[in-house]
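**Q** The following file, work_32.cif, comprises mmCIF, C-alpha atoms:
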```
data_model
#
loop_
_atom_site.group_PDB
_atom_site.id
_atom_site.type_symbol
_atom_site.label_atom_id
_atom_site.label_comp_id
_atom_site.auth_asym_id
_atom_site.auth_seq_id
_atom_site.Cartn_x
_atom_site.Cartn_y
_atom_site.Cartn_z
ATOM 1 C CA LYS A 1 0.000 0.000 0.000
ATOM 2 C CA GLY A 2 1.298 3.443 -0.900
ATOM 3 C CA PRO A 3 1.422 6.522 1.298
ATOM 4 C CA PRO A 4 -1.775 8.545 1.801
ATOM 5 C CA ARG A 5 -2.412 11.728 -0.107
ATOM 6 C CA GLU A 6 -1.085 14.804 1.631
ATOM 7 C CA PRO A 7 -3.743 17.288 2.801
ATOM 8 C CA ALA A 8 -4.742 19.992 0.324
ATOM 9 C CA SER A 9 -4.869 22.782 2.934
ATOM 10 C CA ARG A 10 -1.995 23.636 5.254
ATOM 11 C CA GLY A 11 -3.927 26.057 7.480
ATOM 12 C CA SER A 12 -2.149 28.603 9.693
ATOM 13 C CA PRO A 13 1.681 28.802 9.962
ATOM 14 C CA GLN A 14 1.463 26.904 13.247
ATOM 15 C CA GLU A 15 -0.706 24.227 11.704
ATOM 16 C CA ALA A 16 1.615 24.039 8.685
ATOM 17 C CA ALA A 17 4.621 23.518 10.962
ATOM 18 C CA LYS A 18 2.820 20.705 12.763
ATOM 19 C CA LEU A 19 1.838 19.201 9.418
ATOM 20 C CA ASP A 20 5.456 19.288 8.241
ATOM 21 C CA LYS A 21 6.529 17.532 11.433
ATOM 22 C CA CYS A 22 3.773 14.962 11.002
ATOM 23 C CA LEU A 23 4.799 14.271 7.394
ATOM 24 C CA GLU A 24 8.431 13.944 8.483
ATOM 25 C CA LEU A 25 7.453 11.359 11.100
ATOM 26 C CA GLN A 26 5.210 9.615 8.605
ATOM 27 C CA GLY A 27 8.093 9.360 6.155
ATOM 28 C CA GLY A 28 10.332 7.905 8.853
ATOM 29 C CA ILE A 29 7.722 5.319 9.772
ATOM 30 C CA ALA A 30 7.259 4.408 6.100
ATOM 31 C CA ASP A 31 11.018 3.862 5.743
ATOM 32 C CA LYS A 32 11.048 1.610 8.796
ATOM 33 C CA MET A 33 8.061 -0.354 7.498
ATOM 34 C CA THR A 34 9.814 -0.807 4.159
ATOM 35 C CA ALA A 35 12.933 -2.087 5.926
ATOM 36 C CA LEU A 36 10.800 -4.442 8.046
ATOM 37 C CA MET A 37 9.043 -5.813 4.971
ATOM 38 C CA ALA A 38 12.411 -6.373 3.317
ATOM 39 C CA LEU A 39 13.461 -8.539 6.260
ATOM 40 C CA MET A 40 10.411 -10.749 5.657
ATOM 41 C CA VAL A 41 11.601 -11.634 2.145
ATOM 42 C CA PRO A 42 13.770 -14.783 2.040
ATOM 43 C CA GLU A 43 17.428 -14.168 1.246
ATOM 44 C CA ASN A 44 18.244 -14.518 -2.467
ATOM 45 C CA TYR A 45 14.526 -14.648 -3.334
ATOM 46 C CA LYS A 46 13.835 -13.871 -6.998
ATOM 47 C CA VAL A 47 10.494 -13.181 -8.604
ATOM 48 C CA PRO A 48 10.136 -15.636 -11.501
ATOM 49 C CA VAL A 49 10.093 -13.988 -14.946
ATOM 50 C CA PRO A 50 9.217 -15.896 -18.153
ATOM 51 C CA GLN A 51 12.165 -16.770 -20.371
ATOM 52 C CA GLU A 52 10.858 -14.639 -23.248
ATOM 53 C CA PHE A 53 11.444 -11.535 -21.124
ATOM 54 C CA ALA A 54 14.757 -12.608 -19.607
ATOM 55 C CA SER A 55 16.673 -10.196 -21.845
ATOM 56 C CA LEU A 56 14.976 -7.186 -20.243
ATOM 57 C CA PRO A 57 16.378 -5.484 -17.115
ATOM 58 C CA GLN A 58 14.854 -6.782 -13.884
ATOM 59 C CA LEU A 59 14.674 -5.253 -10.431
ATOM 60 C CA GLN A 60 14.811 -8.022 -7.846
ATOM 61 C CA GLY A 61 13.911 -6.009 -4.771
ATOM 62 C CA ARG A 62 13.142 -2.341 -4.181
ATOM 63 C CA ALA A 63 14.890 0.838 -5.239
ATOM 64 C CA LYS A 64 14.472 4.505 -4.397
ATOM 65 C CA VAL A 65 14.551 7.129 -7.142
ATOM 66 C CA GLU A 66 14.822 10.892 -6.728
ATOM 67 C CA MET A 67 13.715 13.313 -9.435
ATOM 68 C CA VAL A 68 14.073 17.085 -9.497
ATOM 69 C CA VAL A 69 11.731 19.117 -11.706
ATOM 70 C CA LYS A 70 11.917 22.801 -12.612
ATOM 71 C CA LYS A 71 9.420 25.153 -14.225
ATOM 72 C CA ALA A 72 9.795 25.741 -17.951
ATOM 73 C CA ASP A 73 9.582 29.529 -17.540
ATOM 74 C CA GLY A 74 11.864 29.703 -14.508
ATOM 75 C CA SER A 75 9.036 30.512 -12.105
ATOM 76 C CA LYS A 76 8.535 28.844 -8.736
ATOM 77 C CA PHE A 77 6.277 26.016 -7.668
ATOM 78 C CA ASP A 78 3.376 27.274 -5.568
ATOM 79 C CA LEU A 79 2.061 24.916 -2.908
ATOM 80 C CA GLU A 80 -0.662 26.594 -0.886
ATOM 81 C CA GLY A 81 1.207 29.905 -1.013
ATOM 82 C CA ARG A 82 4.636 28.450 -0.254
ATOM 83 C CA LEU A 83 7.098 28.953 -3.118
ATOM 84 C CA TYR A 84 9.814 26.501 -4.146
ATOM 85 C CA ASP A 85 12.559 26.827 -6.759
ATOM 86 C CA GLU A 86 12.276 23.170 -7.677
ATOM 87 C CA ALA A 87 10.105 20.136 -7.091
ATOM 88 C CA LYS A 88 11.843 17.145 -5.555
ATOM 89 C CA LEU A 89 10.002 13.829 -5.756
ATOM 90 C CA VAL A 90 11.159 10.614 -4.123
ATOM 91 C CA MET A 91 9.716 7.325 -5.324
ATOM 92 C CA VAL A 92 10.002 3.748 -4.119
ATOM 93 C CA VAL A 93 10.039 1.355 -7.068
ATOM 94 C CA ASP A 94 8.879 -2.193 -6.301
ATOM 95 C CA GLY A 95 10.613 -5.009 -8.154
ATOM 96 C CA TRP A 96 9.135 -7.677 -5.908
ATOM 97 C CA ASN A 97 5.755 -7.064 -7.502
ATOM 98 C CA ALA A 98 6.751 -5.690 -10.928
ATOM 99 C CA PRO A 99 10.313 -6.887 -11.653
ATOM 100 C CA VAL A 100 10.356 -6.138 -15.393
ATOM 101 C CA THR A 101 8.498 -2.809 -15.323
ATOM 102 C CA ALA A 102 10.492 -1.599 -12.319
ATOM 103 C CA GLY A 103 13.732 -2.921 -13.805
ATOM 104 C CA ASN A 104 13.150 -1.056 -17.059
ATOM 105 C CA PHE A 105 12.461 2.182 -15.177
ATOM 106 C CA VAL A 106 15.460 1.942 -12.854
ATOM 107 C CA ASP A 107 17.692 1.009 -15.794
ATOM 108 C CA LEU A 108 16.599 4.110 -17.728
ATOM 109 C CA VAL A 109 17.062 6.349 -14.687
ATOM 110 C CA SER A 110 20.575 4.964 -14.169
ATOM 111 C CA LYS A 111 21.391 5.676 -17.830
ATOM 112 C CA GLY A 112 20.329 9.326 -17.432
ATOM 113 C CA PHE A 113 17.500 8.847 -19.929
ATOM 114 C CA TYR A 114 15.083 11.104 -18.023
ATOM 115 C CA ASP A 115 17.566 13.933 -17.436
ATOM 116 C CA SER A 116 16.305 17.071 -19.254
ATOM 117 C CA MET A 117 13.094 15.231 -20.206
ATOM 118 C CA LYS A 118 9.996 17.405 -20.429
ATOM 119 C CA ILE A 119 6.598 16.720 -18.926
ATOM 120 C CA SER A 120 4.330 15.789 -21.838
ATOM 121 C CA ARG A 121 0.969 15.517 -20.085
ATOM 122 C CA SER A 122 -0.649 17.133 -17.043
ATOM 123 C CA ASP A 123 -4.422 17.048 -17.163
ATOM 124 C CA GLY A 124 -5.586 16.646 -13.584
ATOM 125 C CA PHE A 125 -5.706 12.869 -13.922
ATOM 126 C CA VAL A 126 -2.051 12.019 -14.528
ATOM 127 C CA VAL A 127 1.314 13.722 -14.934
ATOM 128 C CA GLN A 128 3.242 11.922 -17.662
ATOM 129 C CA THR A 129 6.749 12.016 -19.090
ATOM 130 C CA GLY A 130 9.322 9.837 -20.858
ATOM 131 C CA LYS A 131 8.560 10.755 -24.480
ATOM 132 C CA PRO A 132 11.669 11.843 -26.411
ATOM 133 C CA ASP A 133 11.401 15.136 -28.307
ATOM 134 C CA SER A 134 12.123 13.411 -31.603
ATOM 135 C CA GLY A 135 12.488 9.957 -33.102
ATOM 136 C CA PRO A 136 10.733 6.818 -31.818
ATOM 137 C CA GLU A 137 8.402 7.177 -28.845
ATOM 138 C CA GLY A 138 10.526 5.226 -26.430
ATOM 139 C CA TYR A 139 14.025 4.178 -25.405
ATOM 140 C CA VAL A 140 16.126 2.743 -28.227
ATOM 141 C CA PRO A 141 19.072 0.675 -26.916
ATOM 142 C CA THR A 142 22.501 1.301 -28.421
ATOM 143 C CA GLY A 143 22.787 -0.524 -31.707
ATOM 144 C CA ALA A 144 19.045 -1.207 -31.967
ATOM 145 C CA LYS A 145 16.669 0.208 -34.559
ATOM 146 C CA GLU A 146 13.446 -0.088 -32.585
ATOM 147 C CA PRO A 147 12.488 0.959 -29.038
ATOM 148 C CA ARG A 148 12.761 -1.460 -26.169
ATOM 149 C CA ARG A 149 9.294 -2.863 -25.507
ATOM 150 C CA VAL A 150 8.086 -3.791 -22.047
ATOM 151 C CA PRO A 151 5.158 -6.194 -21.617
ATOM 152 C CA LEU A 152 2.124 -5.444 -19.507
ATOM 153 C CA GLU A 153 2.944 -6.868 -16.062
ATOM 154 C CA ILE A 154 0.193 -7.460 -13.502
ATOM 155 C CA PHE A 155 0.616 -9.276 -10.192
ATOM 156 C CA VAL A 156 -2.739 -10.506 -8.870
ATOM 157 C CA LYS A 157 -3.100 -11.153 -5.162
ATOM 158 C CA GLY A 158 -2.906 -14.870 -4.451
ATOM 159 C CA ASP A 159 -0.777 -15.649 -7.512
ATOM 160 C CA ASN A 160 2.829 -16.822 -7.203
ATOM 161 C CA ALA A 161 4.180 -14.495 -9.910
ATOM 162 C CA PRO A 162 3.088 -11.657 -12.185
ATOM 163 C CA MET A 163 1.196 -12.407 -15.384
ATOM 164 C CA TYR A 164 2.298 -10.871 -18.665
ATOM 165 C CA GLY A 165 0.645 -9.551 -21.795
ATOM 166 C CA GLU A 166 -2.945 -9.679 -20.536
ATOM 167 C CA THR A 167 -5.222 -7.518 -18.429
ATOM 168 C CA THR A 168 -7.135 -9.162 -15.584
ATOM 169 C CA GLU A 169 -10.287 -8.796 -17.671
ATOM 170 C CA GLU A 170 -8.698 -10.606 -20.602
ATOM 171 C CA ASP A 171 -7.534 -13.268 -18.143
ATOM 172 C CA GLY A 172 -11.148 -13.764 -17.060
ATOM 173 C CA ARG A 173 -10.669 -12.284 -13.583
ATOM 174 C CA GLY A 174 -12.262 -8.871 -14.028
ATOM 175 C CA PHE A 175 -11.688 -6.710 -10.943
ATOM 176 C CA ALA A 176 -9.298 -9.112 -9.211
ATOM 177 C CA ALA A 177 -7.218 -7.301 -6.582
ATOM 178 C CA THR A 178 -3.598 -6.584 -7.519
ATOM 179 C CA THR A 179 -0.582 -6.513 -5.218
ATOM 180 C CA LEU A 180 0.258 -2.946 -6.324
ATOM 181 C CA PRO A 181 -3.070 -1.124 -6.739
ATOM 182 C CA PHE A 182 -3.469 2.435 -7.987
ATOM 183 C CA GLN A 183 -4.676 3.647 -4.613
ATOM 184 C CA ALA A 184 -2.327 6.481 -3.680
ATOM 185 C CA TYR A 185 -1.655 10.002 -4.913
ATOM 186 C CA GLY A 186 1.512 9.754 -6.984
ATOM 187 C CA ALA A 187 1.248 6.026 -7.753
ATOM 188 C CA LEU A 188 3.601 5.162 -10.622
ATOM 189 C CA GLY A 189 2.190 3.580 -13.756
ATOM 190 C CA MET A 190 3.650 2.400 -17.061
ATOM 191 C CA ALA A 191 2.138 4.197 -20.042
ATOM 192 C CA ARG A 192 1.202 2.171 -23.106
ATOM 193 C CA SER A 193 -0.991 2.245 -26.174
ATOM 194 C CA GLU A 194 -4.641 1.633 -25.367
ATOM 195 C CA PHE A 195 -4.827 -1.160 -27.941
ATOM 196 C CA ASP A 196 -1.435 -2.843 -27.407
ATOM 197 C CA ASN A 197 -0.741 -4.307 -23.982
ATOM 198 C CA ASN A 198 2.940 -4.797 -24.725
ATOM 199 C CA SER A 199 3.737 -1.324 -26.076
ATOM 200 C CA GLY A 200 5.347 0.153 -22.962
ATOM 201 C CA SER A 201 8.867 1.549 -23.275
ATOM 202 C CA SER A 202 9.988 4.701 -21.465
ATOM 203 C CA GLN A 203 6.830 6.717 -20.824
ATOM 204 C CA PHE A 204 5.383 6.549 -17.334
ATOM 205 C CA PHE A 205 2.908 8.541 -15.271
ATOM 206 C CA TRP A 206 2.091 9.639 -11.764
ATOM 207 C CA LEU A 207 -1.587 9.056 -10.990
ATOM 208 C CA LEU A 208 -3.302 12.025 -9.341
ATOM 209 C CA PHE A 209 -5.403 9.725 -7.222
ATOM 210 C CA ASP A 210 -8.862 10.773 -6.094
ATOM 211 C CA SER A 211 -10.714 8.227 -3.973
ATOM 212 C CA ASP A 212 -14.064 9.360 -5.404
ATOM 213 C CA LEU A 213 -12.954 9.019 -9.033
ATOM 214 C CA THR A 214 -10.529 6.108 -8.839
ATOM 215 C CA PRO A 215 -11.473 3.800 -5.928
ATOM 216 C CA ALA A 216 -8.940 0.988 -5.562
ATOM 217 C CA GLY A 217 -10.150 -2.261 -7.099
ATOM 218 C CA LYS A 218 -13.076 -0.565 -8.829
ATOM 219 C CA ASN A 219 -11.385 1.600 -11.427
ATOM 220 C CA PHE A 220 -10.192 0.997 -14.954
ATOM 221 C CA MET A 221 -6.515 1.317 -13.950
ATOM 222 C CA ASP A 222 -6.047 -1.693 -11.681
ATOM 223 C CA GLY A 223 -5.469 -4.798 -13.755
ATOM 224 C CA ARG A 224 -5.168 -2.841 -17.012
ATOM 225 C CA TYR A 225 -1.995 -0.833 -16.436
ATOM 226 C CA ALA A 226 1.152 -1.832 -14.579
ATOM 227 C CA CYS A 227 1.688 -0.036 -11.280
ATOM 228 C CA PHE A 228 5.322 -0.326 -10.202
ATOM 229 C CA GLY A 229 5.748 1.956 -7.189
ATOM 230 C CA TYR A 230 4.659 4.984 -5.191
ATOM 231 C CA THR A 231 5.768 8.536 -4.527
ATOM 232 C CA VAL A 232 6.825 8.679 -0.879
ATOM 233 C CA SER A 233 7.944 12.318 -0.714
ATOM 234 C CA GLY A 234 7.037 15.453 -2.666
ATOM 235 C CA ALA A 235 3.759 14.176 -4.117
ATOM 236 C CA ASP A 236 2.157 17.576 -3.453
ATOM 237 C CA PHE A 237 4.334 19.073 -6.195
ATOM 238 C CA LEU A 238 2.443 17.048 -8.799
ATOM 239 C CA ARG A 239 -0.459 19.485 -8.448
ATOM 240 C CA ASP A 240 1.673 22.305 -9.869
ATOM 241 C CA ILE A 241 3.731 20.421 -12.444
ATOM 242 C CA ARG A 242 2.691 21.442 -15.957
ATOM 243 C CA VAL A 243 3.370 20.392 -19.552
ATOM 244 C CA GLY A 244 6.799 21.678 -20.569
ATOM 245 C CA ASP A 245 8.299 21.593 -17.077
ATOM 246 C CA THR A 246 11.623 19.747 -17.096
ATOM 247 C CA ILE A 247 13.163 16.897 -15.124
ATOM 248 C CA VAL A 248 16.584 18.408 -14.504
ATOM 249 C CA SER A 249 17.901 15.284 -12.787
ATOM 250 C CA ALA A 250 16.840 11.732 -12.004
ATOM 251 C CA ARG A 251 18.962 9.321 -10.026
ATOM 252 C CA VAL A 252 18.761 6.020 -8.202
ATOM 253 C CA VAL A 253 19.624 6.778 -4.580
ATOM 254 C CA GLU A 254 19.058 3.274 -3.189
ATOM 255 C CA GLY A 255 18.793 -0.233 -4.598
ATOM 256 C CA ILE A 256 20.825 -0.006 -7.798
ATOM 257 C CA ASP A 257 22.460 -3.266 -6.700
ATOM 258 C CA LYS A 258 19.054 -4.935 -7.116
ATOM 259 C CA LEU A 259 19.045 -4.195 -10.852
ATOM 260 C CA GLN A 260 19.902 -7.226 -12.969
ATOM 261 C CA LYS A 261 20.769 -7.048 -16.658
ATOM 262 C CA THR A 262 21.683 -9.954 -18.912
ATOM 263 C CA GLY A 263 23.449 -7.886 -21.557
ATOM 264 C CA LYS A 264 21.858 -10.063 -24.239
ATOM 265 C CA SER A 265 19.638 -9.051 -27.143
ATOM 266 C CA GLU A 266 16.689 -6.830 -26.191
ATOM 267 C CA SER A 267 14.212 -8.242 -28.692
ATOM 268 C CA PRO A 268 11.910 -10.463 -26.595
ATOM 269 C CA SER A 269 9.083 -12.484 -28.088
ATOM 270 C CA TYR A 270 5.672 -11.463 -26.787
ATOM 271 C CA ALA A 271 3.995 -14.818 -27.237
ATOM 272 C CA VAL A 272 1.433 -15.355 -24.494
#
```
Written as structure tokens, how would this file's structure read?
**A**
Amino acid sequence: KGPPREPASRGSPQEAAKLDKCLELQGGIADKMTALMALMVPENYKVPVPQEFASLPQLQGRAKVEMVVKKADGSKFDLEGRLYDEAKLVMVVDGWNAPVTAGNFVDLVSKGFYDSMKISRSDGFVVQTGKPDSGPEGYVPTGAKEPRRVPLEIFVKGDNAPMYGETTEEDGRGFAATTLPFQAYGALGMARSEFDNNSGSSQFFWLLFDSDLTPAGKNFMDGRYACFGYTVSGADFLRDIRVGDTIVSARVVEGIDKLQKTGKSESPSYAV
């Protein structure tokens, strides 16, 4: 489960200070819970991935990614009257539940792919980025002619491993609960073509979660799009990030050792 949405109103300066302290404590507790959960995973445990996707990067564990965004026009971010020169977002990426999707994302961050990348969509529902300014709409590995393609990856509660290439509806399980639901403000999702489950590459989005519009388990996101992590700090900035704003830096601050790459051909078969 991801962190709750931060309150929209900060109130008086005294109330704001208390809120900041509360969020700081909440973040500390979340870090401790993450560490505790990690201890519950057997040593050397690996999430099974089908052989046809073995050439893709995999994250076997969790990683933490930090992104810094700046306004396109040089102005400041305005959060309830408080101004900031930059927006810093911290995200926990979960390879235990989405090893291929998370591995692809962490690999691209480590390569500097998202540095200087512009925000391409901000419509009140999602904030999206990862689309190059020119050329193919995705990441093209060195020496390749086509973008790397990432299959739809959904881990249903009760299963022993993620399923690939199909939505839960196509699998005959409709609104089956997933291990990583879109139920938090700033949940991370892999963008793809509406009509091609396996068309993901480099574009991803932050979901601007609203419990009234997107209730967990009863929305069209869960089971149809791959969720691969949550924003654990700075989610409030998403409200003021606009199209054209730029990711000035993106880096993996924890868990890069969990990233596994085969170094083989990146042209997997999508037979399902």
**Q** Residue by residue, what does the PyMOL selection byres ((chain A and resi 166) around 9) grab here? Present the result as a list of chain:residue names.
**A** A:Pro151, A:Leu152, A:Glu153, A:Ile154, A:Met163, A:Tyr164, A:Gly165, A:Thr167, A:Thr168, A:Glu169, A:Glu170, A:Asp171, A:Asn197, A:Asn198, A:Gly223, A:Arg224, A:Val272
**Q** Running the PyMOL selection byres ((chain A and resi 106) around 8) on this model by hand, what would come out? Give it as a PDB file with C-alpha atoms, keeping the file's coordinate frame.
**A**
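Output contents, as saved in expr_33.pdb:
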```pdb
ATOM      1  CA  LEU A  59      14.674  -5.253 -10.431  1.00  0.00           C
ATOM      2  CA  ALA A  63      14.890   0.838  -5.239  1.00  0.00           C
ATOM      3  CA  VAL A  65      14.551   7.129  -7.142  1.00  0.00           C
ATOM      4  CA  VAL A  93      10.039   1.355  -7.068  1.00  0.00           C
ATOM      5  CA  ALA A 102      10.492  -1.599 -12.319  1.00  0.00           C
ATOM      6  CA  GLY A 103      13.732  -2.921 -13.805  1.00  0.00           C
ATOM      7  CA  ASN A 104      13.150  -1.056 -17.059  1.00  0.00           C
ATOM      8  CA  PHE A 105      12.461   2.182 -15.177  1.00  0.00           C
ATOM      9  CA  ASP A 107      17.692   1.009 -15.794  1.00  0.00           C
ATOM     10  CA  LEU A 108      16.599   4.110 -17.728  1.00  0.00           C
ATOM     11  CA  VAL A 109      17.062   6.349 -14.687  1.00  0.00           C
ATOM     12  CA  SER A 110      20.575   4.964 -14.169  1.00  0.00           C
ATOM     13  CA  VAL A 252      18.761   6.020  -8.202  1.00  0.00           C
ATOM     14  CA  ILE A 256      20.825  -0.006  -7.798  1.00  0.00           C
ATOM     15  CA  LEU A 259      19.045  -4.195 -10.852  1.00  0.00           C
TER      16      LEU A 259
END
```
**Q** List the residues selected by the PyMOL selection byres ((chain A and resi 227) around 6) in the file shown, writing them as a PyMOL selection string.
**A** chain A and resi 180+188-189+226+228
**Q** Just to confirm, what's the straight-line distance from atom CA of Ala250 of chain A to atom CA of Gly200 of chain A in Å (one decimal)?
**A** 19.7 Å
**Q** Which residue out of A:Ser134, A:Tyr84, A:Glu194, A:Lys258 has the minimum interatomic distance to Tyr45 of chain A when all atoms listed in the file are used?
**A**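 Under the stated criterion, the closest residue is A:Lys258.
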**Q** Between A:Phe125, A:Phe77, A:Phe155, A:Phe113, which is the closest to Pro48 of chain A once you count all atoms listed in the file?
**A**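 When distances to Pro48 of chain A are compared using all atoms listed in the file, the smallest one comes from A:Phe155.
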